[in-house]
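Worksheet for the structure shown next.
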Amino acid sequence: MKDAMISVKDRKLALTNIGVAYAAFLIGTLCGLLQVFIRNDALTLPGWLDYYQVLTAHGLLLAIVFTTFFIFAFFHSGISRTLGDFSPKVRGWNWAGFWVTLIGTMLVVVMIVAGQASVLYTFYAPLQAHGLFYVGLALFVIGTWIQGFALIAHYLKWKKQHKGELSPLFAFMTIATIILWVIACLGVVATVLFQFIPWAFGWTNGINVELSRSLFWYFGHPLVYFWLLPAYMAWYVVVPKIIGGRVFSDSLARLSFVLFILFSIPVGFHHQLTEPGIASFWKFLQTVLTFMVIIPSLMTAFSMFATFEMRGRELGGRGLFGWVSKLPWKDVRFTSIFIAMLFFIPGGAGGIINASFQMNEVIHNTLWVVGHFHITVGTPVAMTFFGLTFWLVPYLSGRRFTKSLQRMAFLQIATWSVGMLLMSTAQHLLGLLGAPRRTAYTGYQHDSALAWFDGVLSNHVTMAVGGSILFLSAILLIYIVVQLWWLAPKSDENSYVTFPIATSDTSATPAFLENWKLWIGIAIVLIAVAYTIPLSDMIQHAPPGSGRFQTW
Amino acid sequence: MHLHKYEKIWLGFGVFALIVFLSVVGVSAFHQGHTPSGGHMTIDPENVRGTAPFDEPGVHQREDGSYEVVIIAKAFGYEPSEIQVPVGEEVTFTVTSEDVVHSFSIVETNVNMMVVPGQVNHKTHTFSEEGSYLIVCNEYCGSGHHFMSTEIEVIGQ
Amino acid sequence: MEKKNQPQPSLKGTFISVMAVGIFIVLMWVSIYLLYIARL
């Protein structure tokens, strides 16, 4: 399989990204463990460290830094694998983008550690962090754009050399995800550059809070699809190959990614359903659009089961569910991602509830929400990335995923699953009982709050047990990554780890699916419909701006 | 694009369920008046106490017999700190913030309001049971966020 | 675009699985909706 190996220089680029991702993962999960103890009054932090500093670091390092660097490592290696090695120019720009993203990350982290930015990853105004925190965020986004455009340039060159051909499915999905990301970031870039930075440095005095929140959530919802789509790429393109099957339907896979570009952006108000300043009509309109973005996930669910059933039947599975036992359960690369998919069933169902207009009042900003994103980004996405890590790191480092490491990987995903099941179930139930999110030790003296320590599953202690198991699992994963990168035996001609890319039959795929101008155009129209009037209302009827507050 | 027969049925079922969900919440919201909390009045966040109705925070009975509770949220508490309302009466909560973003969330009810500086939020609720209800801030507002809570007494008439 | 007369693969297990997912979604949604109504 040597022909499927990408160039050494591209491997180095991808591995470096993975290194940053797992460094962030280690610190971020350690923060999570600290939160577990603080929330149960079992740990007092030293004076120079505060719960909300830890919480800000946890959110940013895991949800933003770990995901983004890992995603770009996946893109770099997969694009190089499917479209050919990068030219020195493309590789150079990718490195430049990597460094800008990393400098942005460091600036943000330094500000958090210095206690200048305990504003959590949503950084809602008028909480005011140090100006350099926002500069760091801007650099982070610009760095990802540089890498994104470098990948687009590589793709366009391929298109030029293959006139009239559809691009490989992996490349198509990468480009779709980058388009989604670039359009989404416009909102956060606008609020950071034009609202936060001038205000934080004192050049302007007031900030339009509601406008900044709306621009943030214009970005904040497609952000979750920026995490999810690379996981879907693994589900559509990588998993079928691992089990020895094919992509179920090339055209439906592409169509679902197109639908994500169209409908994942004009939906941010469903994070703002309980706040003033947005008329009910616009909240409801965006609720309807939010429901549209559920459809491609329903399509994905069908495609996944169909891929598994067709392969299982090829292997001799009979009856209604005989195919299930034929799947390669002993291959951790498959089993990890299969469990990740299962977690997305309650994750997705919870998401529909969250977006259901007034029903949002039941769960808004309760612990339910925390539980929700731990079984969306925290498991379906993260555990898919773990499943990719098990072969991607040895593929890039030229080492072997040995039997003993495979056993350890099973232990890792098992502990992650159990820990997450305990923690997220407790969080969902506590949220329904009204327990708030983002709080340090919750010592409210009231019967309702005391009940949060009483249940079996609906108990802060259950949540803490789950959280502790998760940290052990995280350490195990770091150990596996270190082994796969530096210590495992080197692979030889016969034991090369491969980058699994399933064949996808494009003979029935219509060419218009790759007409990006069309999809970008429709996306912009939908965004304009959903946002123009409410945002201009916020600007025209703006209250006097809010001053700078540092309440931590 | 070829769709398998079962996939057509599945997507048909899924889309139908989504339309039902939307219709149920839509009718409940716009026909029966159960929209989530909201408001369109803005206010100078530096002059909250000089602006009606926040110049008199507290419980007020309106002319039609319903009640309005005017509340100012601030780091890390609510004003007034003691709230008493009658059971079975319509109560409208009117809240704003004089500093950062907070929430006004009454545990085990549907009153779960974002409190945004510069904006006034409203929510109408009728308590059907007497007792003391816990109110918490569930939006991060600073180092005392987890201390920001109060209670509301719902009393018999 | 569409290949006529192509035998459709047997996807009965898939169909039952996705419908189970669908029913799970509906049940979860309905239970939270009822909670919302109970708290009105």
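Chain labels A, B, ... are given in the sequence in which chains occur in the structure tokens; within each chain residues are numbered consecutively from 1, and ligands are likewise numbered from 1 in the order shown.
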
Quiz item: Which residues, written as a PyMOL selection string, have at least one atom at most 9 Å from B:Ala73, with only C-alpha atoms counted and residues fewer than 2 positions away on the same chain left out?
Solution: chain B and resi 71+75-79+95-104+115

Take the residues just selected and output them with N, CA, C and O atoms as a compact mmCIF listing (two decimals), in the first residue's frame.
# COMPACT_ATOMS: atom_id res chain seq x y z
N ILE B 71 -37.99 44.00 38.08
CA ILE B 71 -36.77 43.49 38.70
C ILE B 71 -35.54 44.04 37.99
O ILE B 71 -35.47 44.07 36.76
N ALA B 75 -24.77 42.31 39.23
CA ALA B 75 -23.80 41.37 39.79
C ALA B 75 -23.77 41.56 41.31
O ALA B 75 -23.39 42.62 41.75
N PHE B 76 -24.14 40.64 42.16
CA PHE B 76 -24.64 39.31 41.91
C PHE B 76 -25.92 39.13 42.71
O PHE B 76 -25.92 38.47 43.73
N GLY B 77 -26.98 39.78 42.25
CA GLY B 77 -28.25 39.65 42.96
C GLY B 77 -29.38 40.32 42.19
O GLY B 77 -29.20 40.77 41.05
N TYR B 78 -30.55 40.32 42.83
CA TYR B 78 -31.73 40.91 42.19
C TYR B 78 -32.32 41.95 43.12
O TYR B 78 -32.23 41.84 44.34
N GLU B 79 -32.92 42.95 42.53
CA GLU B 79 -33.62 43.96 43.32
C GLU B 79 -35.05 44.03 42.82
O GLU B 79 -35.25 44.15 41.61
N VAL B 95 -37.82 42.58 33.42
CA VAL B 95 -36.46 42.61 33.96
C VAL B 95 -35.49 43.29 33.01
O VAL B 95 -35.66 43.29 31.79
N THR B 96 -34.48 43.89 33.60
CA THR B 96 -33.34 44.37 32.83
C THR B 96 -32.10 44.27 33.71
O THR B 96 -32.20 43.91 34.89
N SER B 97 -30.95 44.57 33.13
CA SER B 97 -29.70 44.47 33.88
C SER B 97 -29.03 45.83 33.90
O SER B 97 -29.12 46.59 32.93
N GLU B 98 -28.37 46.14 35.02
CA GLU B 98 -27.63 47.40 35.01
C GLU B 98 -26.13 47.16 34.85
O GLU B 98 -25.35 48.08 34.93
N ASP B 99 -25.72 45.93 34.62
CA ASP B 99 -24.31 45.71 34.27
C ASP B 99 -24.19 44.69 33.14
O ASP B 99 -24.38 45.03 31.99
N VAL B 100 -23.87 43.42 33.48
CA VAL B 100 -23.61 42.42 32.43
C VAL B 100 -24.85 41.58 32.15
O VAL B 100 -25.91 41.83 32.73
N VAL B 101 -24.72 40.59 31.30
CA VAL B 101 -25.83 39.70 30.97
C VAL B 101 -26.06 38.75 32.14
O VAL B 101 -25.12 38.19 32.71
N HIS B 102 -27.32 38.59 32.54
CA HIS B 102 -27.71 37.64 33.58
C HIS B 102 -28.88 36.82 33.06
O HIS B 102 -29.30 36.99 31.92
N SER B 103 -29.43 35.99 33.95
CA SER B 103 -30.73 35.42 33.63
C SER B 103 -31.60 35.54 34.86
O SER B 103 -31.12 35.76 35.98
N PHE B 104 -32.91 35.43 34.64
CA PHE B 104 -33.88 35.39 35.73
C PHE B 104 -34.68 34.12 35.50
O PHE B 104 -35.56 34.06 34.65
N VAL B 115 -31.45 38.14 30.67
CA VAL B 115 -31.49 39.55 31.06
C VAL B 115 -30.32 40.24 30.38
O VAL B 115 -29.16 39.99 30.73

Quiz item: Could you pull the residues within 12 Å of C:Val21, counting only C-alpha atoms, minus those fewer than 3 positions along the same chain, as a PyMOL selection string?
Solution: (chain A and resi 297-298+301-302+305+341-349) or (chain B and resi 10+13-14) or (chain C and resi 14-18+24-28)

Writer output for current selection, N, CA and C atoms, as a CSV table (one decimal), in the first residue's frame:
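Listed below is the output, selection.csv:
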chain,number,residue,atom,x,y,z
A,297,SER,N,-29.2,15.2,8.4
A,297,SER,CA,-28.7,14.3,9.4
A,297,SER,C,-29.6,13.0,9.3
A,298,LEU,N,-30.9,13.2,9.0
A,298,LEU,CA,-31.8,12.0,8.9
A,298,LEU,C,-31.3,11.2,7.7
A,301,ALA,N,-28.3,9.2,8.8
A,301,ALA,CA,-28.6,8.0,9.6
A,301,ALA,C,-28.9,6.9,8.7
A,302,PHE,N,-29.7,7.1,7.6
A,302,PHE,CA,-30.1,6.0,6.7
A,302,PHE,C,-28.9,5.5,6.0
A,305,PHE,N,-26.7,3.1,8.3
A,305,PHE,CA,-27.3,1.8,8.6
A,305,PHE,C,-27.2,1.0,7.3
A,341,MET,N,-21.5,7.2,16.7
A,341,MET,CA,-22.8,7.4,16.0
A,341,MET,C,-23.9,7.2,17.0
A,342,LEU,N,-23.9,6.2,17.8
A,342,LEU,CA,-25.0,5.9,18.7
A,342,LEU,C,-25.2,7.1,19.6
A,343,PHE,N,-24.1,7.7,20.1
A,343,PHE,CA,-24.3,8.8,21.0
A,343,PHE,C,-25.0,10.0,20.3
A,344,PHE,N,-24.9,10.0,19.0
A,344,PHE,CA,-25.5,11.2,18.3
A,344,PHE,C,-27.0,11.0,18.2
A,345,ILE,N,-27.6,9.8,18.5
A,345,ILE,CA,-29.0,9.7,18.4
A,345,ILE,C,-29.7,10.5,19.5
A,346,PRO,N,-29.3,10.3,20.8
A,346,PRO,CA,-29.9,11.2,21.8
A,346,PRO,C,-29.4,12.6,21.7
A,347,GLY,N,-28.2,12.8,21.2
A,347,GLY,CA,-27.6,14.1,21.0
A,347,GLY,C,-28.5,14.9,20.0
A,348,GLY,N,-28.8,14.3,18.9
A,348,GLY,CA,-29.6,15.0,17.9
A,348,GLY,C,-31.0,15.2,18.3
A,349,ALA,N,-31.6,14.2,19.0
A,349,ALA,CA,-32.9,14.3,19.5
A,349,ALA,C,-33.0,15.5,20.5
B,10,TRP,N,-38.6,6.7,5.0
B,10,TRP,CA,-38.0,7.2,6.2
B,10,TRP,C,-37.9,8.8,6.2
B,13,PHE,N,-41.4,10.2,6.7
B,13,PHE,CA,-41.8,10.1,8.1
B,13,PHE,C,-41.0,11.2,8.9
B,14,GLY,N,-39.7,11.4,8.6
B,14,GLY,CA,-39.0,12.4,9.4
B,14,GLY,C,-39.5,13.8,9.1
C,14,THR,N,-32.1,-1.9,8.0
C,14,THR,CA,-31.9,-0.5,8.0
C,14,THR,C,-33.2,0.3,8.3
C,15,PHE,N,-34.2,-0.2,7.6
C,15,PHE,CA,-35.5,0.5,7.7
C,15,PHE,C,-36.0,0.5,9.2
C,16,ILE,N,-35.9,-0.7,9.8
C,16,ILE,CA,-36.4,-0.9,11.1
C,16,ILE,C,-35.5,0.0,12.1
C,17,SER,N,-34.2,0.0,11.8
C,17,SER,CA,-33.3,0.7,12.7
C,17,SER,C,-33.6,2.2,12.6
C,18,VAL,N,-33.7,2.8,11.4
C,18,VAL,CA,-34.0,4.2,11.4
C,18,VAL,C,-35.3,4.6,11.9
C,24,PHE,N,-37.7,7.0,18.8
C,24,PHE,CA,-37.0,7.6,20.0
C,24,PHE,C,-37.0,9.1,20.0
C,25,ILE,N,-36.8,9.7,18.8
C,25,ILE,CA,-36.8,11.2,18.7
C,25,ILE,C,-38.2,11.7,19.1
C,26,VAL,N,-39.2,11.1,18.6
C,26,VAL,CA,-40.6,11.6,18.8
C,26,VAL,C,-40.9,11.4,20.3
C,27,LEU,N,-40.6,10.3,20.9
C,27,LEU,CA,-40.9,10.1,22.3
C,27,LEU,C,-40.2,11.1,23.2
C,28,MET,N,-38.9,11.3,22.9
C,28,MET,CA,-38.1,12.2,23.7
C,28,MET,C,-38.7,13.7,23.6

Quiz item: Could you write out as a PyMOL selection string the residues of chain B within 6 Å of chain A, counting only C-alpha atoms?
Solution: chain B and resi 35-40+42-44+100+107-108+110+112-114+118+121+138+142-143+146

Quiz item: How would you write, as a ChimeraX atom specification, the set of residues in chain B that DSSP gives as helix (DSSP H, G or I)?
Solution: /B:5-30,48-50,145-147

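Counting only C-alpha atoms and comparing A:Pro500, A:Pro489, A:Pro394, A:Gly351, the residue that lies closest to chain C is A:Gly351.
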
Taking only C-alpha atoms into account and nothing else, which residues of chain C lie no more than 10 Å away from chain B? Please answer as a JSON list (two decimals) with C-alpha atoms, in the first residue's frame.
[["chain", "number", "residue", "atom", "x", "y", "z"],
["C", 1, "MET", "CA", -29.48, 9.74, -13.98],
["C", 2, "GLU", "CA", -31.70, 7.05, -12.53],
["C", 3, "LYS", "CA", -30.91, 3.46, -13.36],
["C", 4, "LYS", "CA", -34.16, 1.70, -14.06],
["C", 8, "GLN", "CA", -32.99, -2.71, -4.79],
["C", 9, "PRO", "CA", -30.74, -4.17, -2.10],
["C", 10, "SER", "CA", -32.49, -5.60, 0.91],
["C", 11, "LEU", "CA", -32.46, -2.89, 3.55],
["C", 12, "LYS", "CA", -35.17, -4.13, 5.90],
["C", 14, "THR", "CA", -31.86, -0.49, 8.00],
["C", 15, "PHE", "CA", -35.48, 0.53, 7.74],
["C", 16, "ILE", "CA", -36.38, -0.87, 11.14],
["C", 18, "VAL", "CA", -33.97, 4.22, 11.38],
["C", 19, "MET", "CA", -37.64, 3.99, 12.30],
["C", 22, "GLY", "CA", -37.34, 8.17, 14.63],
["C", 23, "ILE", "CA", -39.64, 6.84, 17.33],
["C", 25, "ILE", "CA", -36.79, 11.16, 18.74],
["C", 26, "VAL", "CA", -40.58, 11.56, 18.82],
["C", 29, "TRP", "CA", -39.64, 15.35, 22.13],
["C", 30, "VAL", "CA", -43.15, 14.56, 23.37],
["C", 33, "TYR", "CA", -43.29, 19.00, 25.48],
["C", 35, "LEU", "CA", -43.10, 18.78, 30.82],
["C", 36, "TYR", "CA", -43.41, 22.24, 29.26],
["C", 37, "ILE", "CA", -47.21, 22.01, 29.35],
["C", 38, "ALA", "CA", -47.18, 20.78, 32.94],
["C", 39, "ARG", "CA", -45.16, 23.81, 33.97],
["C", 40, "LEU", "CA", -47.36, 26.38, 32.22]]

Self-check item: Selection: 10 Å around A:Val324, only C-alpha atoms, excl. self and same-chain fewer than 5 positions, as a list in words
Solution: Phe305, Phe308, Glu309, Arg311, Gly312, Arg313, Gly317, Arg318 and Trp329 of chain A; Gly13 of chain C

Quiz item: Quick one: distance from atom CA of A:Thr307 to atom CA of A:Phe260 in Å, one decimal?
Solution: 21.1 Å

Practice problem: Kindly give the distance, in Å, that separates atom CA of B:Glu129 and atom CA of B:Pro53, rounded to a single decimal. | Solution: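 Computing the Euclidean distance for atom CA of B:Glu129 and atom CA of B:Pro53 yields 27.6 Å.
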
Just list as a PDB file with N, CA, C and O atoms, in the first residue's frame whatever in stretch 110-149 of chain B DSSP marks as strand (DSSP E or B).
ATOM      1  N   ASN B 112     -37.782  31.464  32.353  1.00  0.00           N
ATOM      2  CA  ASN B 112     -36.344  31.260  32.152  1.00  0.00           C
ATOM      3  C   ASN B 112     -35.906  32.346  31.182  1.00  0.00           C
ATOM      4  O   ASN B 112     -35.855  32.148  29.980  1.00  0.00           O
ATOM      5  N   MET B 113     -35.626  33.537  31.720  1.00  0.00           N
ATOM      6  CA  MET B 113     -35.454  34.723  30.879  1.00  0.00           C
ATOM      7  C   MET B 113     -33.999  35.153  30.838  1.00  0.00           C
ATOM      8  O   MET B 113     -33.326  35.223  31.861  1.00  0.00           O
ATOM      9  N   MET B 114     -33.526  35.493  29.640  1.00  0.00           N
ATOM     10  CA  MET B 114     -32.235  36.143  29.530  1.00  0.00           C
ATOM     11  C   MET B 114     -32.417  37.608  29.922  1.00  0.00           C
ATOM     12  O   MET B 114     -33.412  38.229  29.573  1.00  0.00           O
ATOM     13  N   VAL B 115     -31.450  38.139  30.671  1.00  0.00           N
ATOM     14  CA  VAL B 115     -31.490  39.546  31.065  1.00  0.00           C
ATOM     15  C   VAL B 115     -30.316  40.241  30.385  1.00  0.00           C
ATOM     16  O   VAL B 115     -29.160  39.990  30.729  1.00  0.00           O
ATOM     17  N   GLN B 119     -31.792  46.148  27.150  1.00  0.00           N
ATOM     18  CA  GLN B 119     -33.052  45.581  26.661  1.00  0.00           C
ATOM     19  C   GLN B 119     -33.939  45.238  27.863  1.00  0.00           C
ATOM     20  O   GLN B 119     -33.438  44.913  28.931  1.00  0.00           O
ATOM     21  N   ASN B 121     -36.865  42.627  29.167  1.00  0.00           N
ATOM     22  CA  ASN B 121     -37.462  41.334  28.842  1.00  0.00           C
ATOM     23  C   ASN B 121     -38.738  41.127  29.664  1.00  0.00           C
ATOM     24  O   ASN B 121     -38.817  41.563  30.813  1.00  0.00           O
ATOM     25  N   HIS B 122     -39.722  40.462  29.038  1.00  0.00           N
ATOM     26  CA  HIS B 122     -41.000  40.206  29.709  1.00  0.00           C
ATOM     27  C   HIS B 122     -41.355  38.729  29.641  1.00  0.00           C
ATOM     28  O   HIS B 122     -41.051  38.064  28.651  1.00  0.00           O
ATOM     29  N   LYS B 123     -42.039  38.270  30.688  1.00  0.00           N
ATOM     30  CA  LYS B 123     -42.584  36.910  30.657  1.00  0.00           C
ATOM     31  C   LYS B 123     -43.781  36.873  31.605  1.00  0.00           C
ATOM     32  O   LYS B 123     -43.707  37.366  32.732  1.00  0.00           O
ATOM     33  N   THR B 124     -44.873  36.297  31.117  1.00  0.00           N
ATOM     34  CA  THR B 124     -46.073  36.204  31.946  1.00  0.00           C
ATOM     35  C   THR B 124     -46.237  34.768  32.424  1.00  0.00           C
ATOM     36  O   THR B 124     -46.048  33.827  31.648  1.00  0.00           O
ATOM     37  N   HIS B 125     -46.543  34.639  33.718  1.00  0.00           N
ATOM     38  CA  HIS B 125     -46.680  33.307  34.292  1.00  0.00           C
ATOM     39  C   HIS B 125     -47.748  33.339  35.380  1.00  0.00           C
ATOM     40  O   HIS B 125     -47.907  34.337  36.075  1.00  0.00           O
ATOM     41  N   THR B 126     -48.472  32.230  35.508  1.00  0.00           N
ATOM     42  CA  THR B 126     -49.451  32.113  36.596  1.00  0.00           C
ATOM     43  C   THR B 126     -49.024  30.938  37.464  1.00  0.00           C
ATOM     44  O   THR B 126     -48.942  29.807  36.977  1.00  0.00           O
ATOM     45  N   GLY B 131     -46.026  28.399  47.718  1.00  0.00           N
ATOM     46  CA  GLY B 131     -44.737  27.908  48.188  1.00  0.00           C
ATOM     47  C   GLY B 131     -43.612  28.851  47.823  1.00  0.00           C
ATOM     48  O   GLY B 131     -43.830  29.929  47.272  1.00  0.00           O
ATOM     49  N   SER B 132     -42.422  28.422  48.177  1.00  0.00           N
ATOM     50  CA  SER B 132     -41.243  29.224  47.896  1.00  0.00           C
ATOM     51  C   SER B 132     -40.519  28.635  46.697  1.00  0.00           C
ATOM     52  O   SER B 132     -40.240  27.441  46.647  1.00  0.00           O
ATOM     53  N   TYR B 133     -40.272  29.463  45.699  1.00  0.00           N
ATOM     54  CA  TYR B 133     -39.588  29.008  44.486  1.00  0.00           C
ATOM     55  C   TYR B 133     -38.184  29.601  44.449  1.00  0.00           C
ATOM     56  O   TYR B 133     -37.968  30.755  44.814  1.00  0.00           O
ATOM     57  N   LEU B 134     -37.248  28.778  43.982  1.00  0.00           N
ATOM     58  CA  LEU B 134     -35.858  29.236  43.861  1.00  0.00           C
ATOM     59  C   LEU B 134     -35.660  29.961  42.525  1.00  0.00           C
ATOM     60  O   LEU B 134     -36.080  29.482  41.481  1.00  0.00           O
ATOM     61  N   ILE B 135     -35.014  31.113  42.599  1.00  0.00           N
ATOM     62  CA  ILE B 135     -34.663  31.851  41.377  1.00  0.00           C
ATOM     63  C   ILE B 135     -33.141  31.841  41.263  1.00  0.00           C
ATOM     64  O   ILE B 135     -32.442  32.188  42.226  1.00  0.00           O
ATOM     65  N   VAL B 136     -32.622  31.433  40.102  1.00  0.00           N
ATOM     66  CA  VAL B 136     -31.174  31.440  39.929  1.00  0.00           C
ATOM     67  C   VAL B 136     -30.813  32.223  38.670  1.00  0.00           C
ATOM     68  O   VAL B 136     -31.622  32.385  37.765  1.00  0.00           O
ATOM     69  N   SER B 149     -28.724  34.269  43.468  1.00  0.00           N
ATOM     70  CA  SER B 149     -30.021  33.588  43.534  1.00  0.00           C
ATOM     71  C   SER B 149     -30.902  34.325  44.524  1.00  0.00           C
ATOM     72  O   SER B 149     -30.420  35.129  45.320  1.00  0.00           O
TER      73      SER B 149
END
